[in-house]
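Structure below is final-v5.cif: mmCIF, N, CA, C and O atoms.
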data_coords
#
loop_
_atom_site.label_atom_id
_atom_site.label_comp_id
_atom_site.auth_asym_id
_atom_site.auth_seq_id
_atom_site.Cartn_x
_atom_site.Cartn_y
_atom_site.Cartn_z
N MET A 1 0.82 -1.19 0.00
CA MET A 1 0.00 0.00 0.00
C MET A 1 0.87 1.26 0.00
O MET A 1 0.53 2.23 -0.65
N VAL A 2 1.98 1.23 0.72
CA VAL A 2 2.86 2.39 0.77
C VAL A 2 3.33 2.77 -0.62
O VAL A 2 3.33 3.94 -1.00
N ARG A 3 3.69 1.77 -1.41
CA ARG A 3 4.17 2.05 -2.77
C ARG A 3 3.08 2.71 -3.60
O ARG A 3 3.32 3.67 -4.32
N ARG A 4 1.85 2.22 -3.49
CA ARG A 4 0.75 2.77 -4.28
C ARG A 4 0.46 4.21 -3.91
O ARG A 4 0.26 5.05 -4.79
N ILE A 5 0.43 4.51 -2.61
CA ILE A 5 0.13 5.89 -2.24
C ILE A 5 1.32 6.81 -2.49
O ILE A 5 1.15 7.99 -2.77
N ALA A 6 2.55 6.28 -2.42
CA ALA A 6 3.73 7.08 -2.76
C ALA A 6 3.74 7.42 -4.25
O ALA A 6 4.09 8.54 -4.64
N ASP A 7 3.33 6.47 -5.08
CA ASP A 7 3.26 6.73 -6.52
C ASP A 7 2.21 7.80 -6.82
O ASP A 7 2.40 8.66 -7.69
N LEU A 8 1.11 7.77 -6.10
CA LEU A 8 0.07 8.78 -6.27
C LEU A 8 0.61 10.15 -5.88
O LEU A 8 0.42 11.14 -6.59
N LEU A 9 1.32 10.21 -4.77
CA LEU A 9 1.92 11.47 -4.34
C LEU A 9 2.98 11.94 -5.33
O LEU A 9 3.08 13.13 -5.62
N MET A 10 3.74 11.02 -5.89
CA MET A 10 4.77 11.35 -6.87
C MET A 10 4.16 12.11 -8.05
O MET A 10 4.71 13.10 -8.52
N GLU A 11 3.00 11.65 -8.51
CA GLU A 11 2.32 12.32 -9.61
C GLU A 11 1.90 13.73 -9.22
O GLU A 11 2.00 14.66 -10.02
N ILE A 12 1.45 13.90 -8.00
CA ILE A 12 0.97 15.20 -7.54
C ILE A 12 2.10 16.20 -7.41
O ILE A 12 1.97 17.35 -7.84
N VAL A 13 3.23 15.77 -6.84
CA VAL A 13 4.33 16.71 -6.61
C VAL A 13 5.28 16.80 -7.80
O VAL A 13 6.18 17.63 -7.81
N GLY A 14 5.07 15.96 -8.82
CA GLY A 14 5.87 16.04 -10.03
C GLY A 14 7.29 15.52 -9.89
O GLY A 14 8.19 16.00 -10.56
N GLU A 15 7.46 14.54 -9.02
CA GLU A 15 8.78 13.95 -8.85
C GLU A 15 8.95 12.73 -9.76
O GLU A 15 8.02 12.34 -10.45
N ASP A 16 10.16 12.16 -9.74
CA ASP A 16 10.44 11.02 -10.61
C ASP A 16 10.37 9.70 -9.83
O ASP A 16 10.14 9.67 -8.63
N ARG A 17 10.57 8.61 -10.53
CA ARG A 17 10.48 7.28 -9.96
C ARG A 17 11.50 7.08 -8.83
O ARG A 17 11.19 6.46 -7.81
N ALA A 18 12.70 7.62 -8.96
CA ALA A 18 13.71 7.48 -7.91
C ALA A 18 13.22 8.11 -6.61
O ALA A 18 13.44 7.56 -5.52
N TRP A 19 12.54 9.23 -6.71
CA TRP A 19 11.96 9.88 -5.53
C TRP A 19 10.95 8.95 -4.88
O TRP A 19 10.99 8.73 -3.67
N SER A 20 10.04 8.42 -5.68
CA SER A 20 9.00 7.53 -5.16
C SER A 20 9.60 6.27 -4.54
O SER A 20 9.14 5.80 -3.50
N ASP A 21 10.64 5.73 -5.17
CA ASP A 21 11.27 4.52 -4.67
C ASP A 21 11.95 4.74 -3.31
O ASP A 21 12.13 3.79 -2.55
N ALA A 22 12.31 5.99 -3.00
CA ALA A 22 12.96 6.29 -1.72
C ALA A 22 11.96 6.47 -0.58
O ALA A 22 12.36 6.52 0.58
N VAL A 23 10.68 6.55 -0.90
CA VAL A 23 9.66 6.73 0.13
C VAL A 23 9.41 5.39 0.84
O VAL A 23 9.17 4.38 0.19
N ARG A 24 9.51 5.43 2.17
CA ARG A 24 9.31 4.24 3.01
C ARG A 24 8.17 4.50 3.98
O ARG A 24 7.73 5.64 4.13
N PRO A 25 7.69 3.49 4.66
CA PRO A 25 6.61 3.71 5.63
C PRO A 25 6.96 4.74 6.71
O PRO A 25 6.09 5.47 7.18
N ASP A 26 8.23 4.82 7.10
CA ASP A 26 8.62 5.76 8.16
C ASP A 26 9.02 7.14 7.64
O ASP A 26 9.45 8.00 8.41
N THR A 27 8.85 7.38 6.34
CA THR A 27 9.16 8.70 5.78
C THR A 27 8.13 9.71 6.28
O THR A 27 6.93 9.51 6.13
N ARG A 28 8.63 10.78 6.89
CA ARG A 28 7.74 11.80 7.44
C ARG A 28 7.30 12.79 6.36
O ARG A 28 8.09 13.22 5.53
N LEU A 29 6.01 13.12 6.39
CA LEU A 29 5.45 14.03 5.38
C LEU A 29 6.04 15.43 5.51
O LEU A 29 6.31 16.09 4.50
N ASP A 30 6.23 15.88 6.73
CA ASP A 30 6.71 17.23 6.95
C ASP A 30 8.23 17.32 6.89
O ASP A 30 8.78 18.08 6.10
N GLY A 31 8.90 16.54 7.68
CA GLY A 31 10.34 16.66 7.83
C GLY A 31 11.16 16.15 6.68
O GLY A 31 12.24 16.66 6.42
N GLU A 32 10.66 15.13 5.97
CA GLU A 32 11.46 14.55 4.89
C GLU A 32 10.89 14.87 3.51
O GLU A 32 11.64 15.20 2.59
N LEU A 33 9.59 14.77 3.35
CA LEU A 33 9.00 15.06 2.04
C LEU A 33 8.73 16.55 1.84
O LEU A 33 8.57 17.00 0.72
N LEU A 34 8.69 17.28 2.94
CA LEU A 34 8.47 18.74 2.91
C LEU A 34 7.23 19.12 2.10
O LEU A 34 7.25 20.03 1.28
N LEU A 35 6.14 18.40 2.36
CA LEU A 35 4.90 18.66 1.62
C LEU A 35 4.33 20.03 1.97
O LEU A 35 4.26 20.41 3.14
N GLU A 36 3.93 20.74 0.96
CA GLU A 36 3.23 22.00 1.13
C GLU A 36 1.75 21.69 1.37
O GLU A 36 1.26 20.62 1.01
N SER A 37 1.03 22.64 1.93
CA SER A 37 -0.38 22.40 2.26
C SER A 37 -1.21 22.12 1.01
O SER A 37 -2.10 21.27 1.04
N HIS A 38 -0.91 22.78 -0.10
CA HIS A 38 -1.69 22.52 -1.33
C HIS A 38 -1.39 21.12 -1.88
O HIS A 38 -2.27 20.49 -2.46
N GLU A 39 -0.18 20.61 -1.68
CA GLU A 39 0.14 19.26 -2.11
C GLU A 39 -0.58 18.23 -1.23
O GLU A 39 -1.10 17.23 -1.73
N LEU A 40 -0.63 18.50 0.06
CA LEU A 40 -1.35 17.63 0.98
C LEU A 40 -2.84 17.60 0.63
O LEU A 40 -3.45 16.54 0.61
N ALA A 41 -3.40 18.77 0.31
CA ALA A 41 -4.82 18.84 -0.07
C ALA A 41 -5.08 18.07 -1.36
O ALA A 41 -6.07 17.34 -1.47
N ALA A 42 -4.19 18.21 -2.34
CA ALA A 42 -4.34 17.49 -3.61
C ALA A 42 -4.20 15.98 -3.40
O ALA A 42 -4.93 15.19 -4.00
N TRP A 43 -3.28 15.58 -2.54
CA TRP A 43 -3.09 14.16 -2.23
C TRP A 43 -4.32 13.62 -1.53
O TRP A 43 -4.79 12.53 -1.83
N SER A 44 -4.86 14.40 -0.60
CA SER A 44 -6.07 14.00 0.11
C SER A 44 -7.21 13.76 -0.88
O SER A 44 -7.93 12.76 -0.80
N LEU A 45 -7.39 14.67 -1.82
CA LEU A 45 -8.44 14.53 -2.83
C LEU A 45 -8.22 13.29 -3.68
O LEU A 45 -9.15 12.51 -3.93
N ALA A 46 -6.99 13.06 -4.11
CA ALA A 46 -6.67 11.89 -4.94
C ALA A 46 -6.92 10.59 -4.16
O ALA A 46 -7.44 9.63 -4.73
N LEU A 47 -6.56 10.57 -2.89
CA LEU A 47 -6.79 9.38 -2.06
C LEU A 47 -8.28 9.11 -1.92
O LEU A 47 -8.73 7.96 -2.00
N ARG A 48 -9.06 10.17 -1.73
CA ARG A 48 -10.52 10.00 -1.60
C ARG A 48 -11.11 9.46 -2.90
O ARG A 48 -12.01 8.62 -2.88
N GLN A 49 -10.62 9.96 -4.03
CA GLN A 49 -11.13 9.50 -5.32
C GLN A 49 -10.79 8.04 -5.56
O GLN A 49 -11.59 7.29 -6.09
N ASP A 50 -9.59 7.63 -5.15
CA ASP A 50 -9.15 6.26 -5.39
C ASP A 50 -9.67 5.26 -4.36
O ASP A 50 -9.92 4.10 -4.69
N TYR A 51 -9.82 5.68 -3.11
CA TYR A 51 -10.11 4.74 -2.03
C TYR A 51 -11.44 4.99 -1.32
O TYR A 51 -11.81 4.21 -0.45
N GLY A 52 -12.13 6.05 -1.64
CA GLY A 52 -13.44 6.32 -1.04
C GLY A 52 -13.43 7.53 -0.13
O GLY A 52 -12.39 7.98 0.35
N ASP A 53 -14.62 8.04 0.11
CA ASP A 53 -14.78 9.26 0.90
C ASP A 53 -14.34 9.12 2.35
O ASP A 53 -14.05 10.12 3.01
N HIS A 54 -14.29 7.90 2.87
CA HIS A 54 -13.85 7.72 4.25
C HIS A 54 -12.36 8.02 4.42
O HIS A 54 -11.90 8.21 5.55
N VAL A 55 -11.62 8.09 3.32
CA VAL A 55 -10.19 8.40 3.39
C VAL A 55 -10.04 9.91 3.19
O VAL A 55 -9.93 10.39 2.07
N ASP A 56 -10.07 10.64 4.29
CA ASP A 56 -9.98 12.10 4.22
C ASP A 56 -8.73 12.55 4.98
O ASP A 56 -8.77 12.84 6.18
N LEU A 57 -7.61 12.57 4.26
CA LEU A 57 -6.33 12.93 4.87
C LEU A 57 -6.36 14.36 5.40
O LEU A 57 -5.85 14.62 6.49
N ALA A 58 -6.96 15.28 4.66
CA ALA A 58 -7.00 16.67 5.11
C ALA A 58 -7.74 16.79 6.44
O ALA A 58 -7.29 17.48 7.36
N GLU A 59 -8.86 16.11 6.56
CA GLU A 59 -9.62 16.13 7.81
C GLU A 59 -8.82 15.49 8.94
O GLU A 59 -8.81 15.97 10.07
N HIS A 60 -8.16 14.39 8.62
CA HIS A 60 -7.35 13.69 9.62
C HIS A 60 -6.26 14.63 10.15
O HIS A 60 -6.06 14.74 11.37
N VAL A 61 -5.55 15.28 9.26
CA VAL A 61 -4.46 16.18 9.65
C VAL A 61 -5.01 17.36 10.45
O VAL A 61 -4.39 17.79 11.43
N ALA A 62 -6.18 17.85 10.09
CA ALA A 62 -6.78 18.98 10.81
C ALA A 62 -7.06 18.63 12.27
O ALA A 62 -7.07 19.52 13.13
N GLY A 63 -7.25 17.35 12.56
CA GLY A 63 -7.52 16.93 13.93
C GLY A 63 -6.27 16.63 14.75
O GLY A 63 -6.37 16.25 15.91
N LEU A 64 -5.10 16.80 14.17
CA LEU A 64 -3.86 16.50 14.87
C LEU A 64 -3.26 17.75 15.50
O LEU A 64 -3.47 18.86 15.00
N ASP A 65 -2.48 17.57 16.56
CA ASP A 65 -1.74 18.71 17.10
C ASP A 65 -0.43 18.84 16.34
O ASP A 65 -0.09 17.98 15.51
N ILE A 66 0.31 19.88 16.59
CA ILE A 66 1.51 20.18 15.80
C ILE A 66 2.55 19.06 15.88
O ILE A 66 3.17 18.71 14.88
N ASP A 67 2.73 18.48 17.06
CA ASP A 67 3.70 17.39 17.19
C ASP A 67 3.29 16.16 16.39
O ASP A 67 4.13 15.47 15.80
N GLN A 68 1.99 15.88 16.36
CA GLN A 68 1.49 14.75 15.58
C GLN A 68 1.64 15.01 14.08
O GLN A 68 1.93 14.08 13.33
N ILE A 69 1.44 16.24 13.66
CA ILE A 69 1.61 16.59 12.25
C ILE A 69 3.07 16.41 11.85
O ILE A 69 3.37 15.84 10.81
N ILE A 70 3.97 16.87 12.68
CA ILE A 70 5.41 16.74 12.40
C ILE A 70 5.81 15.27 12.31
O ILE A 70 6.64 14.90 11.48
N ALA A 71 5.20 14.43 13.13
CA ALA A 71 5.55 13.01 13.18
C ALA A 71 4.81 12.15 12.15
O ALA A 71 5.14 10.98 11.98
N LEU A 72 3.85 12.73 11.43
CA LEU A 72 3.03 11.95 10.49
C LEU A 72 3.88 11.34 9.38
O LEU A 72 4.67 12.03 8.74
N THR A 73 3.69 10.04 9.16
CA THR A 73 4.50 9.32 8.16
C THR A 73 3.63 8.79 7.02
O THR A 73 2.40 8.75 7.12
N VAL A 74 4.29 8.34 5.99
CA VAL A 74 3.61 7.70 4.87
C VAL A 74 2.90 6.43 5.37
O VAL A 74 1.80 6.11 4.92
N GLY A 75 3.51 5.73 6.29
CA GLY A 75 2.87 4.55 6.88
C GLY A 75 1.57 4.90 7.60
O GLY A 75 0.60 4.15 7.54
N ASP A 76 1.55 6.05 8.27
CA ASP A 76 0.32 6.51 8.91
C ASP A 76 -0.77 6.75 7.87
O ASP A 76 -1.93 6.41 8.09
N VAL A 77 -0.40 7.33 6.74
CA VAL A 77 -1.36 7.57 5.66
C VAL A 77 -1.85 6.23 5.10
O VAL A 77 -3.04 6.06 4.84
N ALA A 78 -0.96 5.27 4.95
CA ALA A 78 -1.35 3.94 4.46
C ALA A 78 -2.36 3.30 5.42
O ALA A 78 -3.32 2.69 4.97
N ARG A 79 -2.15 3.46 6.73
CA ARG A 79 -3.11 2.91 7.70
C ARG A 79 -4.46 3.61 7.60
O ARG A 79 -5.50 2.98 7.73
N LEU A 80 -4.43 4.91 7.34
CA LEU A 80 -5.68 5.65 7.14
C LEU A 80 -6.42 5.12 5.92
O LEU A 80 -7.63 4.92 5.95
N VAL A 81 -5.70 4.87 4.85
CA VAL A 81 -6.29 4.37 3.61
C VAL A 81 -6.89 2.98 3.81
O VAL A 81 -7.98 2.68 3.30
N THR A 82 -6.21 2.14 4.56
CA THR A 82 -6.66 0.76 4.72
C THR A 82 -7.62 0.56 5.89
O THR A 82 -8.13 -0.54 6.07
N ALA A 83 -7.86 1.61 6.66
CA ALA A 83 -8.80 1.51 7.79
C ALA A 83 -10.20 1.24 7.27
O ALA A 83 -10.59 1.70 6.20
N GLU A 84 -10.94 0.49 8.05
CA GLU A 84 -12.31 0.17 7.69
C GLU A 84 -13.16 1.43 7.76
O GLU A 84 -13.04 2.21 8.70
N PRO A 85 -14.00 1.66 6.75
CA PRO A 85 -14.89 2.83 6.79
C PRO A 85 -15.73 2.82 8.06
O PRO A 85 -16.13 1.75 8.53
N PRO A 86 -16.01 4.00 8.63
CA PRO A 86 -16.75 4.06 9.90
C PRO A 86 -18.08 3.30 9.88
O PRO A 86 -18.41 2.64 10.85
N GLU A 87 -18.84 3.36 8.78
CA GLU A 87 -20.12 2.67 8.77
C GLU A 87 -19.95 1.16 8.81
O GLU A 87 -20.76 0.45 9.38
N HIS A 88 -18.86 0.65 8.24
CA HIS A 88 -18.59 -0.79 8.30
C HIS A 88 -18.13 -1.20 9.70
O HIS A 88 -18.51 -2.25 10.19
N ALA A 89 -17.34 -0.36 10.31
CA ALA A 89 -16.87 -0.67 11.66
C ALA A 89 -18.04 -0.70 12.63
O ALA A 89 -18.14 -1.57 13.48
N ALA A 90 -18.95 0.26 12.49
CA ALA A 90 -20.11 0.30 13.38
C ALA A 90 -21.01 -0.90 13.14
O ALA A 90 -21.53 -1.51 14.08
N ALA A 91 -21.20 -1.27 11.88
CA ALA A 91 -22.06 -2.41 11.55
C ALA A 91 -21.45 -3.71 12.07
O ALA A 91 -22.16 -4.58 12.54
N GLY A 92 -20.14 -3.82 12.01
CA GLY A 92 -19.49 -5.04 12.47
C GLY A 92 -19.53 -5.20 13.97
O GLY A 92 -19.50 -6.30 14.49
N SER A 93 -19.63 -4.09 14.70
CA SER A 93 -19.63 -4.20 16.15
C SER A 93 -21.03 -4.17 16.74
O SER A 93 -21.21 -4.39 17.92
N ALA A 94 -22.03 -3.90 15.90
CA ALA A 94 -23.41 -3.85 16.41
C ALA A 94 -23.89 -5.26 16.72
O ALA A 94 -23.59 -6.21 16.02
N THR A 95 -24.65 -5.37 17.77
CA THR A 95 -25.22 -6.66 18.13
C THR A 95 -26.72 -6.57 18.01
O THR A 95 -27.32 -5.54 18.29
N THR A 96 -27.30 -7.63 17.55
CA THR A 96 -28.74 -7.68 17.42
C THR A 96 -29.32 -8.37 18.63
O THR A 96 -28.86 -9.45 19.01
N THR A 97 -30.31 -7.75 19.23
CA THR A 97 -30.95 -8.36 20.37
C THR A 97 -32.41 -8.62 20.04
O THR A 97 -33.02 -7.90 19.26
N THR A 98 -32.91 -9.65 20.61
CA THR A 98 -34.33 -9.97 20.42
C THR A 98 -35.03 -9.73 21.75
O THR A 98 -34.45 -9.97 22.81
N PRO A 99 -36.24 -9.26 21.68
CA PRO A 99 -36.95 -8.99 22.95
C PRO A 99 -37.21 -10.28 23.72
O PRO A 99 -37.42 -11.34 23.14
N ASP A 100 -37.20 -10.18 25.01
CA ASP A 100 -37.47 -11.31 25.89
C ASP A 100 -38.97 -11.52 25.93
O ASP A 100 -39.73 -10.66 26.31
N ARG A 101 -39.41 -12.69 25.48
CA ARG A 101 -40.85 -12.97 25.39
C ARG A 101 -41.32 -13.91 26.49
O ARG A 101 -42.25 -14.65 26.32
N SER A 102 -40.70 -13.88 27.64
CA SER A 102 -41.11 -14.78 28.71
C SER A 102 -42.29 -14.27 29.48
O SER A 102 -42.74 -13.25 29.47
#
Show the structure stored in the file as structure tokens.
Amino acid sequence: MVRRIADLLMEIVGEDRAWSDAVRPDTRLDGELLLESHELAAWSLALRQDYGDHVDLAEHVAGLDIDQIIALTVGDVARLVTAEPPEHAAAGSATTTTPDRS
């Protein structure tokens, strides 16, 4: 998954294959990739288009504090992409009860 999302980011930032090949799960978005906010927004949109509306990187980042943003990695984004959509998670944990007819 990391390779696929790195390739998507590569297209957005206009880098070459060598750049994409150097991206690892522990590569930090801020400190190593030096992503600008407009690149992050474009990546977020591309991820949503490819993986569904539940993958909202921009919203995720907006909910982080500054230290979490600095520490955010490509692996973190991959986990966001592969996370179960909220409606599926809720449906999977719901239990059905039947009324007691005694």
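If you measure from each of A:Glu36, A:Asp26, A:Glu11, A:Ala6 to Asp76 (chain A) using all atoms listed in the file, the closest one turns out to be A:Asp26.
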(request) Please write as JSON, numbers by chain the full residue list that the PyMOL selection byres ((chain A and resi 57-60) around 8) yields on this file. (result) {"A": [37, 40, 41, 43, 44, 45, 47, 48, 52, 53, 54, 55, 56, 61, 62, 63, 64, 65, 69, 77, 80, 81]}
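Put simply, the PyMOL selection byres ((chain A and resi 71) around 7) in this file takes in A:Asp26, A:Thr27, A:Arg28, A:Leu29, A:Asp30, A:Gly31, A:Asp65, A:Ile66, A:Asp67, A:Gln68, A:Ile69, A:Ile70, A:Leu72, A:Thr73, A:Val74.
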(message) If DSSP is run on the backbone, what residues of region 46-78 of chain A are alpha helix (DSSP H)? A reply as number ranges by chain would be ideal.
(response) A: 46-51, 57-62, 66-71, 74-78
(request) Given the file shown, determine the residues that the PyMOL selection byres ((chain A and resi 3) around 8) selects; report them as a list in words. (result) Met1, Val2, Arg4, Ile5, Ala6, Asp7, Leu8, Leu9, Met10, Ser20, Asp21, Val23, Arg24, Pro25 and Val74 of chain A
